[in-house]
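Worksheet: one structure, shown below.
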Amino acid sequence: MTPNLPETDDELLIRMRSGDEQAFVALYRGRQAAIYRFALHMSGSATVAEDVAQEVFLALIREECGFDPQRGTLSGYLFGIARKLVLRHLERGRPDVALETDLESSALPELVVNDDPLADLIDREGIEALRRSVLALPRRYREVVVLCDLEEVDYGEAAFVLGCPIGTVRSRLHRARALLLEKLSQRWQHRPGAMALKPIRCLI
Amino acid sequence: MPELAHQAEDGRLDHVRECPACAALLNRQRNLALGLRRLAADWRSVEAPARLESKLTAAFLGQAGLTVLGPPARWWVPLATWAAAAAAMLALAMFLVRDRQVAPAHRTISNRVQLAAVEPPADLDMLGDSANVEGDFIPLPNAARIEPNEDLNLVRVEVPRSAMIALGYAVSEDRASEPVEAEVVLGADGLARAVRFFE
């Protein structure tokens, strides 16, 4: 008996292009959340994220951007469109570093409280501070953190999405994490009773 | 995660144990990694609003209806369209060639210009030689010489009195804008050759 394997994106895409509604729905359900979250993390706006997700799948429906399976995955292709749309929005209406969000607290997931003494960031306040720090990163660093750390896209696919070498992805990620630590350190320093942290430097 | 974590895994923990600064940095990097993982996990349930799926499905069905589910293309439709257009053009050309008679040259004369005479007046004979112009017809400056037997037309027009100044008449300033009747001799080429004014 042959196991009923799920269809690949390419197979679904072929069926979708022949007018199969179920194939489109399957593709949409499989990819929409990641695209929506990417746009939400990048823009900080639920409205923008919804618009971006809509435009991404409309582009897929209209075959406007000419997806070629030989050049990359469907996931990377969709992230690429979403990135361009988000950047267009950021360039049009907002400064590079987004400081305000229109996220309602009800739209945010419930966070789990953890007692781990090492994990200062794992309480609700810490995670929210981390999210805000990611949102406040310069765009080029924000997008690698969102793709690689939050959406767990591998470096190769991230390089395809960003249109740059893998080495650039790695270096931006390294710099982005350093910036996040810096931002979070500032936050810790401003907490009541916190010890002032001095800049550390060690040649090892 | 950042380099210190890798270095620690590479067996360089000894240094981290001895260096409080590096230990603190490693600890913070680990915290950041944990925080990012937790943020990703907590947001995993976040997805686009349900209304978007129905909107996009409707858009997909609309698009599929236009491109895939539409009627098969009929190759003869454009051909028939072009054939009908060509036939209409041909019929129009036949109508124009057969039924239209050659009309005499039509002069458009404004309400201020009237054809004074089909035949030139007798006193135009003197214009055969502009050097011998007599009477009240005045050869226009730089106008071509009127050839013998040239077909001439005479038109009567109304022009501002100020036009007379260019031909040497004295015109008072307060009457310069008044109209004055004039007859203009037109050559076969349609250009003015001479003019006379009527007071």
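Residues in the structure tokens are numbered from 1 in each chain, the chains being A, B, ... in the order shown, and ligands are numbered from 1 in the order shown.
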
Using only C-alpha atoms, I'd like a table of the residues in chain B that come within 9 Å of chain A; for each, show the closest atom pair and its distance in Å rounded to one decimal, ordered by chain and ascending number, as JSON lines.
{"residue": "B:Met1", "atom": "CA", "partner": "A:His174", "partner_atom": "CA", "distance": 8.0}
{"residue": "B:Pro2", "atom": "CA", "partner": "A:His174", "partner_atom": "CA", "distance": 6.3}
{"residue": "B:Glu3", "atom": "CA", "partner": "A:His174", "partner_atom": "CA", "distance": 8.3}
{"residue": "B:His15", "atom": "CA", "partner": "A:Ile204", "partner_atom": "CA", "distance": 7.8}
{"residue": "B:Cys19", "atom": "CA", "partner": "A:Cys202", "partner_atom": "CA", "distance": 8.3}
{"residue": "B:Ala21", "atom": "CA", "partner": "A:Ile200", "partner_atom": "CA", "distance": 5.9}
{"residue": "B:Cys22", "atom": "CA", "partner": "A:Cys202", "partner_atom": "CA", "distance": 6.6}
{"residue": "B:Ala24", "atom": "CA", "partner": "A:Ile200", "partner_atom": "CA", "distance": 8.8}
{"residue": "B:Leu25", "atom": "CA", "partner": "A:Ile200", "partner_atom": "CA", "distance": 7.8}
{"residue": "B:Asn27", "atom": "CA", "partner": "A:Leu118", "partner_atom": "CA", "distance": 7.6}
{"residue": "B:Arg28", "atom": "CA", "partner": "A:Leu181", "partner_atom": "CA", "distance": 7.3}
{"residue": "B:Gln29", "atom": "CA", "partner": "A:Leu181", "partner_atom": "CA", "distance": 7.4}
{"residue": "B:Arg30", "atom": "CA", "partner": "A:Ala119", "partner_atom": "CA", "distance": 8.2}
{"residue": "B:Asn31", "atom": "CA", "partner": "A:Ala119", "partner_atom": "CA", "distance": 5.2}
{"residue": "B:Leu32", "atom": "CA", "partner": "A:Leu121", "partner_atom": "CA", "distance": 7.1}
{"residue": "B:Ala33", "atom": "CA", "partner": "A:Asp149", "partner_atom": "CA", "distance": 8.5}
{"residue": "B:Leu34", "atom": "CA", "partner": "A:Ala119", "partner_atom": "CA", "distance": 6.9}
{"residue": "B:Gly35", "atom": "CA", "partner": "A:Leu121", "partner_atom": "CA", "distance": 5.1}
{"residue": "B:Leu36", "atom": "CA", "partner": "A:Asp149", "partner_atom": "CA", "distance": 6.5}
{"residue": "B:Arg37", "atom": "CA", "partner": "A:Leu150", "partner_atom": "CA", "distance": 7.0}
{"residue": "B:Arg38", "atom": "CA", "partner": "A:Ile122", "partner_atom": "CA", "distance": 6.9}
{"residue": "B:Leu39", "atom": "CA", "partner": "A:Ile127", "partner_atom": "CA", "distance": 6.1}
{"residue": "B:Ala40", "atom": "CA", "partner": "A:Leu150", "partner_atom": "CA", "distance": 4.7}
{"residue": "B:Ala41", "atom": "CA", "partner": "A:Leu150", "partner_atom": "CA", "distance": 8.2}
{"residue": "B:Asp42", "atom": "CA", "partner": "A:Pro109", "partner_atom": "CA", "distance": 6.1}
{"residue": "B:Trp43", "atom": "CA", "partner": "A:Pro109", "partner_atom": "CA", "distance": 6.2}
{"residue": "B:Arg44", "atom": "CA", "partner": "A:Ala33", "partner_atom": "CA", "distance": 8.1}
{"residue": "B:Ser45", "atom": "CA", "partner": "A:Pro109", "partner_atom": "CA", "distance": 7.3}
{"residue": "B:Val46", "atom": "CA", "partner": "A:Ala33", "partner_atom": "CA", "distance": 6.6}
{"residue": "B:Glu47", "atom": "CA", "partner": "A:Ala33", "partner_atom": "CA", "distance": 4.2}
{"residue": "B:Ala48", "atom": "CA", "partner": "A:Tyr36", "partner_atom": "CA", "distance": 5.6}
{"residue": "B:Pro49", "atom": "CA", "partner": "A:Glu50", "partner_atom": "CA", "distance": 7.4}
{"residue": "B:Leu52", "atom": "CA", "partner": "A:Gln54", "partner_atom": "CA", "distance": 6.8}
{"residue": "B:Glu53", "atom": "CA", "partner": "A:Tyr28", "partner_atom": "CA", "distance": 7.6}
{"residue": "B:Lys55", "atom": "CA", "partner": "A:Gln54", "partner_atom": "CA", "distance": 8.5}
{"residue": "B:Leu56", "atom": "CA", "partner": "A:Leu58", "partner_atom": "CA", "distance": 7.0}
{"residue": "B:Thr57", "atom": "CA", "partner": "A:Val25", "partner_atom": "CA", "distance": 7.1}
{"residue": "B:Ala59", "atom": "CA", "partner": "A:Leu58", "partner_atom": "CA", "distance": 7.6}
{"residue": "B:Phe60", "atom": "CA", "partner": "A:Ile61", "partner_atom": "CA", "distance": 6.0}
{"residue": "B:Leu61", "atom": "CA", "partner": "A:Glu21", "partner_atom": "CA", "distance": 7.0}
{"residue": "B:Gln63", "atom": "CA", "partner": "A:Arg62", "partner_atom": "CA", "distance": 7.3}
{"residue": "B:Ala64", "atom": "CA", "partner": "A:Gly19", "partner_atom": "CA", "distance": 5.3}
{"residue": "B:Gly65", "atom": "CA", "partner": "A:Gly19", "partner_atom": "CA", "distance": 8.1}
{"residue": "B:Thr67", "atom": "CA", "partner": "A:Gly19", "partner_atom": "CA", "distance": 8.5}
{"residue": "B:Val68", "atom": "CA", "partner": "A:Gly19", "partner_atom": "CA", "distance": 6.1}
{"residue": "B:Leu69", "atom": "CA", "partner": "A:Gly19", "partner_atom": "CA", "distance": 7.3}

Nearby residues (only C-alpha atoms) at most 9 Å from Asp9 in chain A, same-chain spacing under 6 positions excluded, as an NGL selection string: :A and (27 or 73-75)

Exercise: range 159-168 of chain B partners within 12 Å, only C-alpha atoms, chain neighbours under 4 positions left out, as a list in words: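 The residues that qualify are Arg112, Val113, Asp136, Phe137, Ile138, Pro139, Leu140, Pro141, Ser172, Glu173, Asp174, Arg175, Ala176, Ser177, Glu178, Pro179, Val180, Glu181, Ala182, Glu183, Val184, Ala194, Val195, Arg196, Phe197, Phe198 and Glu199 of chain B.
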
Coordinates-based distance that separates CA of Ala39 in chain A from CA of Arg15 in chain A (Å, one decimal): 27.2 Å
